[in-house]
$ cat my_file25.csv   # CSV, C-alpha atoms
chain,number,residue,atom,x,y,z
P,1012,MET,CA,88.2,-81.9,-2.0
P,1013,THR,CA,88.4,-85.0,-4.3
P,1014,SER,CA,86.8,-85.4,-7.7
P,1015,LYS,CA,84.4,-87.9,-6.3
P,1016,GLN,CA,83.2,-85.4,-3.7
P,1017,ILE,CA,82.8,-82.8,-6.4
P,1018,GLU,CA,80.7,-85.1,-8.5
P,1019,LYS,CA,78.5,-86.0,-5.6
P,1020,ARG,CA,77.8,-82.4,-4.7
P,1021,PHE,CA,77.3,-81.6,-8.4
P,1022,ASP,CA,74.7,-84.4,-8.7
P,1023,MET,CA,72.8,-82.8,-5.8
P,1024,PHE,CA,73.1,-79.4,-7.3
P,1025,LYS,CA,72.0,-80.6,-10.8
P,1026,THR,CA,68.9,-82.3,-9.3
P,1027,LEU,CA,68.0,-79.1,-7.4
P,1028,VAL,CA,68.4,-77.0,-10.5
P,1029,ALA,CA,66.3,-79.4,-12.6
P,1030,VAL,CA,63.5,-79.3,-10.0
P,1031,LEU,CA,63.6,-75.5,-9.8
P,1032,ILE,CA,63.6,-75.1,-13.6
P,1033,ALA,CA,60.7,-77.5,-13.9
P,1034,LEU,CA,58.7,-75.8,-11.2
P,1035,GLY,CA,59.5,-72.4,-12.7
P,1036,LEU,CA,58.1,-73.5,-16.1
P,1037,ALA,CA,55.1,-75.0,-14.4
P,1038,LEU,CA,54.3,-71.7,-12.6
P,1039,LEU,CA,54.7,-70.0,-16.0
P,1040,VAL,CA,52.2,-72.4,-17.5
P,1041,ILE,CA,49.8,-71.7,-14.7
P,1042,ALA,CA,50.1,-68.0,-15.2
P,1043,PHE,CA,49.1,-68.4,-18.9
P,1044,VAL,CA,46.2,-70.9,-18.5
P,1045,SER,CA,44.6,-69.7,-15.3
P,1046,ASP,CA,42.2,-66.7,-14.9
P,1047,GLU,CA,43.5,-66.4,-11.3
P,1048,PRO,CA,47.1,-67.4,-11.6
P,1049,LEU,CA,48.2,-66.0,-8.2
P,1050,ARG,CA,45.5,-67.9,-6.4
P,1051,ALA,CA,46.2,-71.1,-8.4
P,1052,ILE,CA,50.0,-70.8,-7.6
P,1053,LYS,CA,49.3,-70.3,-3.9
P,1054,LEU,CA,47.0,-73.3,-3.8
P,1055,PHE,CA,49.7,-75.4,-5.5
P,1056,ILE,CA,52.4,-74.3,-3.1
P,1057,THR,CA,50.6,-74.0,0.2
P,1058,GLY,CA,47.5,-76.2,-0.4
P,1059,PRO,CA,49.0,-79.4,1.0
P,1060,LEU,CA,49.6,-77.6,4.3
P,1061,GLY,CA,46.1,-76.1,4.6
P,1062,LYS,CA,44.5,-79.0,6.6
P,1063,LYS,CA,45.6,-81.9,8.7
P,1064,SER,CA,43.9,-84.3,6.2
P,1065,ARG,CA,46.0,-82.9,3.3
P,1066,ILE,CA,49.2,-83.3,5.2
P,1067,GLY,CA,48.1,-86.8,5.9
P,1068,ASN,CA,47.5,-87.3,2.2
P,1069,VAL,CA,51.1,-86.4,1.5
P,1070,PHE,CA,52.4,-89.1,3.8
P,1071,GLU,CA,49.8,-91.6,2.6
P,1072,MET,CA,51.0,-91.0,-1.0
P,1073,MET,CA,54.6,-91.2,0.1
P,1074,THR,CA,54.3,-94.6,1.6
P,1075,PRO,CA,54.0,-96.9,-1.4
P,1076,ILE,CA,56.7,-95.1,-3.4
P,1077,LEU,CA,59.2,-95.4,-0.5
P,1078,PHE,CA,59.2,-99.1,-1.3
P,1079,THR,CA,59.2,-99.0,-5.1
P,1080,GLY,CA,61.8,-96.1,-5.1
P,1081,THR,CA,64.1,-98.1,-2.9
P,1082,ALA,CA,63.6,-101.2,-5.1
P,1083,ILE,CA,64.6,-99.2,-8.1
P,1084,CYS,CA,67.7,-97.9,-6.3
P,1085,ILE,CA,68.9,-101.4,-5.4
P,1086,MET,CA,68.5,-102.6,-9.0
P,1087,TYR,CA,69.9,-99.5,-10.7
P,1088,GLN,CA,73.0,-99.5,-8.5
P,1089,ALA,CA,74.0,-102.7,-10.3
P,1090,ASN,CA,72.9,-101.3,-13.7
P,1091,GLN,CA,69.9,-103.7,-13.8
P,1092,PHE,CA,67.1,-101.6,-15.4
P,1093,ASN,CA,64.3,-103.9,-14.3
P,1094,MET,CA,60.8,-102.4,-14.3
P,1095,ILE,CA,59.2,-105.2,-12.4
P,1096,GLY,CA,58.3,-103.0,-9.4
P,1097,GLU,CA,54.8,-102.3,-10.9
P,1098,GLY,CA,53.8,-105.9,-11.4
P,1099,ALA,CA,55.4,-107.1,-8.2
P,1100,PHE,CA,53.6,-104.5,-6.2
P,1101,LEU,CA,50.2,-105.4,-7.7
P,1102,ILE,CA,50.5,-109.2,-7.5
P,1103,ALA,CA,51.9,-109.0,-3.9
P,1104,ALA,CA,48.9,-107.0,-2.8
P,1105,ASN,CA,46.6,-109.5,-4.5
P,1106,ILE,CA,48.1,-112.6,-2.9
P,1107,THR,CA,48.3,-110.8,0.4
P,1108,THR,CA,44.6,-110.2,0.2
P,1109,TRP,CA,44.0,-113.9,-0.4
P,1110,VAL,CA,46.2,-114.9,2.6
P,1111,ALA,CA,44.4,-112.4,4.9
P,1112,THR,CA,40.9,-113.3,3.8
P,1113,THR,CA,41.5,-117.1,4.1
P,1114,HIS,CA,43.1,-117.0,7.6
P,1115,THR,CA,40.5,-114.8,9.5
P,1116,THR,CA,40.8,-116.9,12.6
P,1117,TRP,CA,44.5,-116.1,13.1
P,1118,ALA,CA,45.6,-113.6,15.7
P,1119,GLY,CA,46.6,-110.1,14.6
P,1120,LEU,CA,50.4,-110.1,14.9
P,1121,PRO,CA,51.0,-113.5,13.3
P,1122,LEU,CA,48.6,-112.7,10.5
P,1123,LYS,CA,50.2,-109.4,9.8
P,1124,ALA,CA,53.7,-110.9,9.8
P,1125,VAL,CA,52.7,-113.7,7.5
P,1126,CYS,CA,51.0,-111.3,5.1
P,1127,LEU,CA,54.0,-109.0,4.9
P,1128,LEU,CA,56.3,-112.0,4.4
P,1129,THR,CA,54.0,-113.2,1.7
P,1130,GLY,CA,54.3,-109.9,-0.1
P,1131,MET,CA,58.1,-110.2,-0.1
P,1132,VAL,CA,58.1,-113.7,-1.4
P,1133,VAL,CA,55.6,-113.0,-4.1
P,1134,GLY,CA,57.5,-109.9,-5.2
P,1135,LEU,CA,60.7,-111.9,-5.3
P,1136,MET,CA,59.0,-114.6,-7.4
P,1137,ALA,CA,57.6,-112.0,-9.8
P,1138,ALA,CA,61.1,-110.6,-10.4
P,1139,THR,CA,62.6,-114.0,-10.9
P,1140,ILE,CA,61.5,-114.5,-14.5
P,1141,PRO,CA,63.0,-111.3,-16.0
P,1142,ALA,CA,66.1,-111.7,-13.8
P,1143,VAL,CA,66.8,-115.2,-15.0
P,1144,LEU,CA,66.1,-114.3,-18.6
P,1145,LYS,CA,68.7,-111.5,-18.2
P,1146,VAL,CA,71.5,-113.6,-16.6
P,1147,LYS,CA,70.8,-116.8,-18.5
P,1148,PHE,CA,69.7,-115.8,-21.9
P,1149,LYS,CA,70.9,-112.1,-22.1
P,1150,ALA,CA,67.4,-110.9,-22.6
P,1151,ASN,CA,66.8,-107.2,-22.2
P,1152,GLU,CA,65.4,-106.8,-18.7
P,1153,VAL,CA,63.6,-103.6,-19.6
P,1154,VAL,CA,61.5,-105.3,-22.3
P,1155,SER,CA,61.0,-108.6,-20.4
P,1156,SER,CA,60.0,-106.9,-17.1
P,1157,ILE,CA,57.5,-104.6,-18.9
P,1158,MET,CA,55.9,-107.6,-20.6
P,1159,MET,CA,56.0,-109.4,-17.2
P,1160,ASN,CA,54.1,-106.5,-15.7
P,1161,TYR,CA,51.3,-107.1,-18.2
P,1162,ILE,CA,51.2,-110.8,-17.4
P,1163,LEU,CA,51.0,-110.1,-13.7
P,1164,LEU,CA,48.2,-107.6,-14.3
P,1165,LYS,CA,46.1,-110.2,-16.1
P,1166,LEU,CA,46.9,-112.8,-13.5
P,1167,SER,CA,45.8,-110.4,-10.8
P,1168,ASP,CA,42.5,-109.8,-12.6
P,1169,TYR,CA,41.9,-113.5,-12.9
P,1170,LEU,CA,42.5,-114.1,-9.2
P,1171,LEU,CA,40.2,-111.3,-8.3
P,1172,LEU,CA,37.4,-112.5,-10.5
P,1173,TYR,CA,37.6,-116.2,-9.8
P,1174,VAL,CA,39.3,-116.5,-6.3
P,1175,LEU,CA,38.9,-113.3,-4.3
P,1176,LYS,CA,35.7,-111.8,-5.6
P,1177,ASP,CA,32.9,-111.1,-3.1
P,1178,VAL,CA,29.9,-111.8,-5.4
P,1179,GLU,CA,27.6,-110.0,-3.0
P,1180,SER,CA,29.5,-106.7,-3.0
P,1181,GLY,CA,28.1,-105.5,-6.3
P,1182,GLN,CA,31.5,-104.5,-7.6
P,1183,GLN,CA,34.8,-106.0,-8.7
P,1184,ALA,CA,36.2,-106.3,-5.2
P,1185,SER,CA,37.5,-109.0,-2.9
P,1186,TYR,CA,36.1,-110.1,0.4
P,1187,PRO,CA,36.7,-107.6,3.2
P,1188,LEU,CA,40.1,-107.8,4.8
P,1189,PRO,CA,39.8,-108.9,8.5
P,1190,LEU,CA,40.5,-106.2,11.0
P,1191,GLN,CA,43.3,-108.1,12.7
P,1192,ALA,CA,45.2,-108.1,9.4
P,1193,LYS,CA,45.1,-104.3,8.9
P,1194,LEU,CA,48.1,-102.2,9.7
P,1195,PRO,CA,47.5,-99.8,12.5
P,1196,LYS,CA,47.1,-96.0,11.9
P,1197,ILE,CA,49.9,-94.0,13.4
P,1198,TRP,CA,48.4,-90.5,13.1
P,1199,PRO,CA,44.8,-90.0,14.5
P,1200,GLY,CA,42.5,-88.2,12.1
P,1201,THR,CA,44.4,-89.4,9.0
P,1202,ARG,CA,45.0,-92.6,7.1
P,1203,VAL,CA,48.7,-92.6,7.7
P,1204,HIS,CA,49.6,-96.2,8.8
P,1205,ALA,CA,52.5,-98.3,10.0
P,1206,GLY,CA,53.5,-99.0,6.5
P,1207,PHE,CA,55.1,-95.5,6.4
P,1208,ILE,CA,57.4,-96.5,9.3
P,1209,ILE,CA,58.2,-99.8,7.6
P,1210,GLY,CA,59.1,-97.9,4.4
P,1211,LEU,CA,61.5,-95.6,6.2
P,1212,ILE,CA,63.2,-98.5,7.9
P,1213,VAL,CA,63.6,-100.2,4.6
P,1214,CYS,CA,65.2,-97.1,3.1
P,1215,VAL,CA,67.7,-96.9,6.0
P,1216,LEU,CA,68.5,-100.6,6.0
P,1217,MET,CA,69.1,-100.6,2.2
P,1218,TYR,CA,71.4,-97.6,2.5
P,1219,PHE,CA,73.5,-99.3,5.1
P,1220,PHE,CA,73.5,-102.5,3.0
P,1221,ILE,CA,74.6,-100.7,-0.2
P,1222,TYR,CA,77.2,-98.4,1.4
P,1223,ARG,CA,78.4,-100.2,4.5
P,1224,THR,CA,78.7,-103.9,3.6
P,1225,LYS,CA,81.0,-105.8,1.3
P,1226,TRP,CA,77.9,-107.1,-0.6
P,1227,GLY,CA,76.8,-103.6,-1.2
P,1228,TYR,CA,80.3,-102.7,-2.4
P,1229,SER,CA,80.1,-105.6,-4.9
P,1230,ILE,CA,76.8,-104.2,-6.2
P,1231,ARG,CA,78.2,-100.7,-6.7
P,1232,MET,CA,81.3,-102.1,-8.3
P,1233,VAL,CA,79.3,-104.1,-10.8
P,1234,GLY,CA,77.3,-101.0,-11.6
P,1235,ALA,CA,80.4,-98.8,-12.0
P,1236,ASN,CA,82.5,-101.1,-14.1
P,1237,ARG,CA,81.2,-104.6,-14.9
P,1238,ASN,CA,84.5,-105.8,-16.4
P,1239,PHE,CA,86.7,-104.6,-13.6
P,1240,ALA,CA,84.3,-106.2,-11.1
P,1241,LYS,CA,84.5,-109.5,-13.0
P,1242,TYR,CA,88.3,-109.4,-13.0
P,1243,SER,CA,88.3,-108.5,-9.3
P,1244,GLY,CA,86.6,-111.8,-8.5
P,1245,ILE,CA,83.1,-110.5,-8.1
P,1246,SER,CA,80.4,-112.8,-9.5
P,1247,VAL,CA,78.6,-110.4,-11.9
P,1248,VAL,CA,75.9,-112.9,-12.6
P,1249,ALA,CA,75.1,-113.4,-8.9
P,1250,VAL,CA,75.0,-109.7,-8.3
P,1251,ALA,CA,72.7,-109.1,-11.3
P,1252,LEU,CA,70.4,-111.8,-10.1
P,1253,ALA,CA,70.4,-110.9,-6.4
P,1254,THR,CA,69.7,-107.2,-6.9
P,1255,GLN,CA,66.7,-107.8,-9.2
P,1256,LEU,CA,65.3,-110.4,-6.7
P,1257,MET,CA,65.8,-107.9,-3.8
P,1258,GLY,CA,64.1,-105.2,-5.7
P,1259,GLY,CA,61.1,-107.4,-6.4
P,1260,ALA,CA,60.9,-108.4,-2.8
P,1261,ILE,CA,60.9,-104.8,-1.6
P,1262,ALA,CA,58.3,-103.8,-4.1
P,1263,GLY,CA,56.2,-106.8,-3.0
P,1264,LEU,CA,56.5,-105.7,0.6
P,1265,GLY,CA,55.2,-102.3,-0.5
P,1266,GLY,CA,52.2,-103.9,-2.1
P,1267,SER,CA,51.3,-105.8,1.1
P,1268,CYS,CA,51.7,-102.6,3.2
P,1269,GLU,CA,49.6,-100.6,0.9
P,1270,ILE,CA,46.7,-103.0,0.8
P,1271,LEU,CA,46.7,-103.7,4.5
P,1272,GLY,CA,47.1,-100.1,5.5
P,1273,MET,CA,44.9,-98.1,3.1
P,1274,TYR,CA,42.2,-100.5,1.8
P,1275,SER,CA,39.4,-102.6,3.2
P,1276,LYS,CA,39.2,-104.7,0.0
P,1277,PHE,CA,41.3,-105.4,-3.0
P,1278,ILE,CA,39.8,-103.3,-5.8
P,1279,TRP,CA,42.5,-102.9,-8.5
P,1280,PHE,CA,40.9,-104.5,-11.5
P,1281,GLY,CA,42.0,-104.0,-15.1
P,1282,THR,CA,44.6,-101.3,-14.2
P,1283,GLN,CA,47.8,-101.0,-12.4
P,1284,PRO,CA,48.2,-98.6,-9.4
P,1285,GLY,CA,51.2,-96.9,-11.0
P,1286,TYR,CA,53.4,-96.9,-7.9
P,1287,GLY,CA,56.1,-99.0,-9.7
P,1288,PHE,CA,56.6,-96.3,-12.3
P,1289,ASP,CA,56.5,-93.6,-9.7
P,1290,GLY,CA,59.3,-95.4,-8.0
P,1291,ILE,CA,61.5,-95.0,-11.1
P,1292,MET,CA,61.1,-91.2,-10.8
P,1293,VAL,CA,61.8,-91.3,-7.1
P,1294,GLY,CA,64.9,-93.4,-7.7
P,1295,VAL,CA,66.2,-91.1,-10.4
P,1296,LEU,CA,65.7,-88.0,-8.2
P,1297,ALA,CA,67.4,-89.9,-5.3
P,1298,LYS,CA,70.4,-90.7,-7.5
P,1299,ASN,CA,69.9,-94.4,-6.7
P,1300,ASN,CA,70.7,-93.7,-3.0
P,1301,PRO,CA,68.1,-95.2,-0.7
P,1302,LEU,CA,68.8,-92.6,2.0
P,1303,TYR,CA,67.5,-89.9,-0.3
P,1304,VAL,CA,64.3,-91.8,-1.3
P,1305,PRO,CA,62.2,-90.3,1.5
P,1306,LEU,CA,63.1,-86.8,0.3
P,1307,SER,CA,62.3,-87.6,-3.3
P,1308,ALA,CA,59.1,-89.3,-2.3
P,1309,LEU,CA,58.1,-86.4,-0.2
P,1310,PHE,CA,58.7,-84.0,-3.0
P,1311,LEU,CA,56.6,-86.0,-5.5
P,1312,ALA,CA,53.8,-86.6,-3.0
P,1313,TYR,CA,53.7,-82.9,-2.0
P,1314,MET,CA,53.6,-81.8,-5.6
P,1315,ARG,CA,50.7,-84.2,-6.5
P,1316,VAL,CA,48.6,-83.3,-3.4
P,1317,GLY,CA,49.2,-79.6,-4.3
P,1318,ALA,CA,48.1,-80.2,-7.9
P,1319,ASP,CA,45.0,-82.0,-6.6
P,1320,VAL,CA,44.1,-79.1,-4.3
P,1321,MET,CA,44.7,-76.6,-7.1
P,1322,ASN,CA,42.6,-78.7,-9.5
P,1323,ARG,CA,39.6,-78.8,-7.1
P,1324,LEU,CA,39.7,-75.1,-6.1
P,1325,SER,CA,40.9,-73.4,-9.2
P,1326,ASP,CA,40.7,-73.7,-13.0
P,1327,VAL,CA,44.0,-75.4,-13.6
P,1328,PRO,CA,43.8,-79.1,-14.6
P,1329,ILE,CA,45.7,-81.7,-12.5
P,1330,GLU,CA,47.4,-83.1,-15.6
P,1331,PHE,CA,49.9,-80.3,-15.6
P,1332,VAL,CA,51.8,-82.1,-12.8
P,1333,ASP,CA,52.7,-84.8,-15.4
P,1334,VAL,CA,54.5,-82.0,-17.4
P,1335,VAL,CA,56.5,-81.1,-14.4
P,1336,GLN,CA,57.5,-84.7,-13.7
P,1337,GLY,CA,58.6,-85.2,-17.3
P,1338,LEU,CA,60.7,-82.0,-17.3
P,1339,ILE,CA,62.4,-83.1,-14.1
P,1340,ILE,CA,63.2,-86.6,-15.4
P,1341,MET,CA,64.6,-85.2,-18.7
P,1342,LEU,CA,66.8,-82.7,-17.0
P,1343,VAL,CA,68.1,-85.0,-14.3
P,1344,ALA,CA,68.8,-87.8,-16.8
P,1345,ALA,CA,70.5,-85.5,-19.4
P,1346,GLU,CA,74.2,-86.2,-19.2
P,1347,MET,CA,75.2,-82.9,-20.8
P,1348,PHE,CA,72.9,-80.8,-18.6
P,1349,LEU,CA,75.4,-78.4,-16.7
P,1350,ALA,CA,78.3,-80.7,-17.9
P,1351,LYS,CA,80.5,-77.6,-18.6
P,1352,TYR,CA,80.0,-76.3,-15.1
P,1353,LYS,CA,80.9,-79.7,-13.7
P,1354,HIS,CA,84.1,-79.8,-15.8
P,1355,LYS,CA,85.0,-76.3,-14.6
P,1356,LEU,CA,84.6,-77.3,-11.0
P,1357,ILE,CA,86.9,-80.3,-11.4
P,1358,VAL,CA,89.5,-78.3,-13.3
P,1359,ASN,CA,89.5,-75.5,-10.8
P,1360,ASN,CA,89.8,-78.0,-7.9
P,1361,ALA,CA,92.8,-79.7,-9.7
P,1362,LYS,CA,94.5,-76.3,-10.2
P,1363,LYS,CA,93.9,-75.4,-6.5
P,1364,GLN,CA,95.4,-78.7,-5.3
P,1365,LEU,CA,98.4,-78.3,-7.7
P,1366,ALA,CA,99.0,-74.8,-6.4
P,1367,GLU,CA,98.9,-76.0,-2.8
P,1368,ALA,CA,101.3,-78.8,-3.5
P,1369,GLU,CA,103.7,-76.4,-5.2
P,1370,LYS,CA,103.4,-74.0,-2.3
P,1371,LYS,CA,104.2,-76.7,0.2
P,1372,GLY,CA,107.2,-77.9,-2.0
P,1373,GLY,CA,108.5,-74.4,-2.1
P,1374,ALA,CA,108.2,-74.0,1.6
P,1375,ASN,CA,110.3,-77.2,2.1
$ encode --input "my_file25.csv" --output "structure tokens"
Amino acid sequence: MTSKQIEKRFDMFKTLVAVLIALGLALLVIAFVSDEPLRAIKLFITGPLGKKSRIGNVFEMMTPILFTGTAICIMYQANQFNMIGEGAFLIAANITTWVATTHTTWAGLPLKAVCLLTGMVVGLMAATIPAVLKVKFKANEVVSSIMMNYILLKLSDYLLLYVLKDVESGQQASYPLPLQAKLPKIWPGTRVHAGFIIGLIVCVLMYFFIYRTKWGYSIRMVGANRNFAKYSGISVVAVALATQLMGGAIAGLGGSCEILGMYSKFIWFGTQPGYGFDGIMVGVLAKNNPLYVPLSALFLAYMRVGADVMNRLSDVPIEFVDVVQGLIIMLVAAEMFLAKYKHKLIVNNAKKQLAEAEKKGGAN
């Protein structure tokens, strides 16, 4: 076994241990704050499986973070810590609504295709500013993308109030989305829609792109060692720019899928949906591997639905799930967490290989 294989297995083990510790502490908190801790714990663990609608809620909640989680993976693979997923998701959903509500005479398939393409283009454009600021002026992409998210939020609010708003609706909402623009439901009795399938396809395609193409190799090389990649002839600037634009496009596609699959109107006003920041957690849990994004998204969605069921049917507040999320992120991101165990595995493996080599030499 090589050191690389050991590190890969260790990362999976470390993530699993972090999740188990966080869940263990969460259950301990429930035991202290609840008058019926056993019932509350049971609701949290088995609640999402109690009804078909709750299982559907898990997949519904998974769908948007499949896109934002994959977007984060693509950018973080090249060490581009761009947070634009939140703003790209929101503004793409907004512009998609405008396209759908102003082309109501179009047939279903062309309108859906144009709406999804619009989301990708808008997301790419949203990521352009922080990406260019990073590669051209060395601006910190974390700061510039967070500020860009705020700008996109206010732009979305403006477009909703002065372009999309249905004045007869009595609320801050757009005109209704035409039925032919809506993504079809794929599970009767739930709201699970075709965006879930699109999200899974995106995860698989991005996995093959990152790990099975020369462009993906360039991205991983830049992320692993920027200077070595540069001296190997890889355009570091091009990789940094391309990965951020790709991440924005994927997040924008997620915004289009979410608004066309789950909503009849655009109703996000004055607040961001939060899926971009959820994507960061999913990407961290997936170790920046798009193939693991569905598992990470499933875990997060299941935990949130379980917390919601527990909140409604017991005396434990739903906010406790934020504590669990925070603990998981801290433990997974901590470089020294289980570092001694990792070092021990590598040393023992090296000793084993050395012993085998000496044995073979002696036999010869």
$ closest_residue --input "my_file25.csv" --among "P:Leu1188, P:Ile1340, P:Ala1308, P:Ala1366" --to "Thr1113 of chain P" --atoms "all atoms listed in the file"
P:Leu1188
$ closest_residue --input "my_file25.csv" --among "P:Phe1078, P:Ile1261, P:Leu1054, P:Ile1291" --to "Ala1137 of chain P" --atoms "all atoms listed in the file"
P:Ile1261
$ atom_distance --input "my_file25.csv" --atom1 "atom CA of Val1143 of chain P" --atom2 "atom CA of Gln1255 of chain P"
9.4 Å
$ residues_around --input "my_file25.csv" --residues "Glu1152 of chain P" --least-positions-apart "6" --cutoff "12 Å" --atoms "only C-alpha atoms" --output "ChimeraX atom specification"
/P:1086-1087,1090-1095,1138-1146,1158-1160,1251-1252,1255
$ atom_distance --input "my_file25.csv" --atom1 "atom CA of Asp1326 of chain P" --atom2 "atom CA of Leu1309 of chain P"
25.1 Å
$ residues_around --input "my_file25.csv" --residues "Leu1120 of chain P" --least-positions-apart "6" --cutoff "10 Å" --atoms "all atoms listed in the file" --output "PDB file with C-alpha atoms, keeping the file's coordinate frame"
ATOM      1  CA  CYS P1126      51.000-111.300   5.100  1.00  0.00           C
ATOM      2  CA  GLN P1191      43.300-108.100  12.700  1.00  0.00           C
ATOM      3  CA  ALA P1192      45.200-108.100   9.400  1.00  0.00           C
ATOM      4  CA  LYS P1193      45.100-104.300   8.900  1.00  0.00           C
ATOM      5  CA  LEU P1194      48.100-102.200   9.700  1.00  0.00           C
TER       6      LEU P1194
END
$ residues_around --input "my_file25.csv" --residues "Ala1249 of chain P" --least-positions-apart "5" --cutoff "12 Å" --atoms "all atoms listed in the file" --output "list in words"
Ala1089, Ala1142, Val1143, Lys1145, Val1146, Lys1147, Trp1226, Ser1229, Ile1230, Val1233, Ala1240, Lys1241, Gly1244, Thr1254, Gln1255, Leu1256 and Met1257 of chain P
$ closest_residue --input "my_file25.csv" --among "P:Thr1079, P:Thr1224, P:Thr1116, P:Thr1057" --to "Gly1259 of chain P" --atoms "only C-alpha atoms"
P:Thr1079
$ atom_distance --input "my_file25.csv" --atom1 "atom CA of Val1069 of chain P" --atom2 "atom CA of Met1321 of chain P"
14.5 Å
$ residues_around --input "my_file25.csv" --residues "Thr1081 of chain P" --least-positions-apart "2" --cutoff "7 Å" --atoms "all atoms listed in the file" --output "PyMOL selection string"
chain P and resi 1077-1079+1083-1085+1214+1294+1301+1304
$ residues_around --input "my_file25.csv" --residues "Leu1060 of chain P" --least-positions-apart "6" --cutoff "12 Å" --atoms "all atoms listed in the file" --output "ChimeraX atom specification"
/P:1053-1054,1066-1070,1313-1314,1316-1317,1320
$ closest_residue --input "my_file25.csv" --among "P:Ile1245, P:Gln1183, P:Ala1318, P:Ile1270" --to "Asp1168 of chain P" --atoms "all atoms listed in the file"
P:Gln1183
$ residues_near_point --input "my_file25.csv" --point "(55.6, -94.0, -0.3)" --cutoff "10 Å" --atoms "all atoms listed in the file" --output "PDB file with C-alpha atoms, in the frame of the given file"
ATOM      1  CA  VAL P1069      51.100 -86.400   1.500  1.00  0.00           C
ATOM      2  CA  PHE P1070      52.400 -89.100   3.800  1.00  0.00           C
ATOM      3  CA  GLU P1071      49.800 -91.600   2.600  1.00  0.00           C
ATOM      4  CA  MET P1072      51.000 -91.000  -1.000  1.00  0.00           C
ATOM      5  CA  MET P1073      54.600 -91.200   0.100  1.00  0.00           C
ATOM      6  CA  THR P1074      54.300 -94.600   1.600  1.00  0.00           C
ATOM      7  CA  PRO P1075      54.000 -96.900  -1.400  1.00  0.00           C
ATOM      8  CA  ILE P1076      56.700 -95.100  -3.400  1.00  0.00           C
ATOM      9  CA  LEU P1077      59.200 -95.400  -0.500  1.00  0.00           C
ATOM     10  CA  PHE P1078      59.200 -99.100  -1.300  1.00  0.00           C
ATOM     11  CA  THR P1079      59.200 -99.000  -5.100  1.00  0.00           C
ATOM     12  CA  GLY P1080      61.800 -96.100  -5.100  1.00  0.00           C
ATOM     13  CA  THR P1081      64.100 -98.100  -2.900  1.00  0.00           C
ATOM     14  CA  GLY P1206      53.500 -99.000   6.500  1.00  0.00           C
ATOM     15  CA  PHE P1207      55.100 -95.500   6.400  1.00  0.00           C
ATOM     16  CA  GLY P1210      59.100 -97.900   4.400  1.00  0.00           C
ATOM     17  CA  LEU P1211      61.500 -95.600   6.200  1.00  0.00           C
ATOM     18  CA  GLY P1265      55.200-102.300  -0.500  1.00  0.00           C
ATOM     19  CA  GLU P1269      49.600-100.600   0.900  1.00  0.00           C
ATOM     20  CA  TYR P1286      53.400 -96.900  -7.900  1.00  0.00           C
ATOM     21  CA  ASP P1289      56.500 -93.600  -9.700  1.00  0.00           C
ATOM     22  CA  GLY P1290      59.300 -95.400  -8.000  1.00  0.00           C
ATOM     23  CA  VAL P1293      61.800 -91.300  -7.100  1.00  0.00           C
ATOM     24  CA  VAL P1304      64.300 -91.800  -1.300  1.00  0.00           C
ATOM     25  CA  PRO P1305      62.200 -90.300   1.500  1.00  0.00           C
ATOM     26  CA  SER P1307      62.300 -87.600  -3.300  1.00  0.00           C
ATOM     27  CA  ALA P1308      59.100 -89.300  -2.300  1.00  0.00           C
ATOM     28  CA  LEU P1309      58.100 -86.400  -0.200  1.00  0.00           C
ATOM     29  CA  LEU P1311      56.600 -86.000  -5.500  1.00  0.00           C
ATOM     30  CA  ALA P1312      53.800 -86.600  -3.000  1.00  0.00           C
TER      31      ALA P1312
END
$ closest_residue --input "my_file25.csv" --among "P:Leu1271, P:Met1292, P:Leu1049, P:Val1332" --to "Arg1202 of chain P" --atoms "all atoms listed in the file"
P:Leu1271
$ closest_residue --input "my_file25.csv" --among "P:Val1178, P:Tyr1242, P:Gln1088, P:Arg1315" --to "Ile1056 of chain P" --atoms "all atoms listed in the file"
P:Arg1315
$ decode --input "my_file25.csv" --residues "segment 1215-1232 of chain P" --atoms "C-alpha atoms" --output "short mmCIF file (atom, residue, chain, number, x, y, z; two decimals), in the first residue's frame"
data_model
loop_
_atom_site.label_atom_id
_atom_site.label_comp_id
_atom_site.auth_asym_id
_atom_site.auth_seq_id
_atom_site.Cartn_x
_atom_site.Cartn_y
_atom_site.Cartn_z
CA VAL P 1215 -20.46 12.19 -11.89
CA LEU P 1216 -19.38 14.32 -14.87
CA MET P 1217 -17.26 16.58 -12.67
CA TYR P 1218 -15.65 13.55 -11.04
CA PHE P 1219 -14.56 12.22 -14.42
CA PHE P 1220 -13.45 15.70 -15.46
CA ILE P 1221 -11.28 16.16 -12.36
CA TYR P 1222 -9.82 12.66 -12.12
CA ARG P 1223 -9.89 11.32 -15.69
CA THR P 1224 -8.87 14.22 -17.96
CA LYS P 1225 -5.65 16.15 -18.47
CA TRP P 1226 -7.47 19.40 -17.63
CA GLY P 1227 -8.56 17.88 -14.34
CA TYR P 1228 -4.99 16.80 -13.68
CA SER P 1229 -3.85 20.38 -14.25
CA ILE P 1230 -6.41 21.60 -11.73
CA ARG P 1231 -5.28 19.08 -9.11
CA MET P 1232 -1.64 19.89 -9.77
#
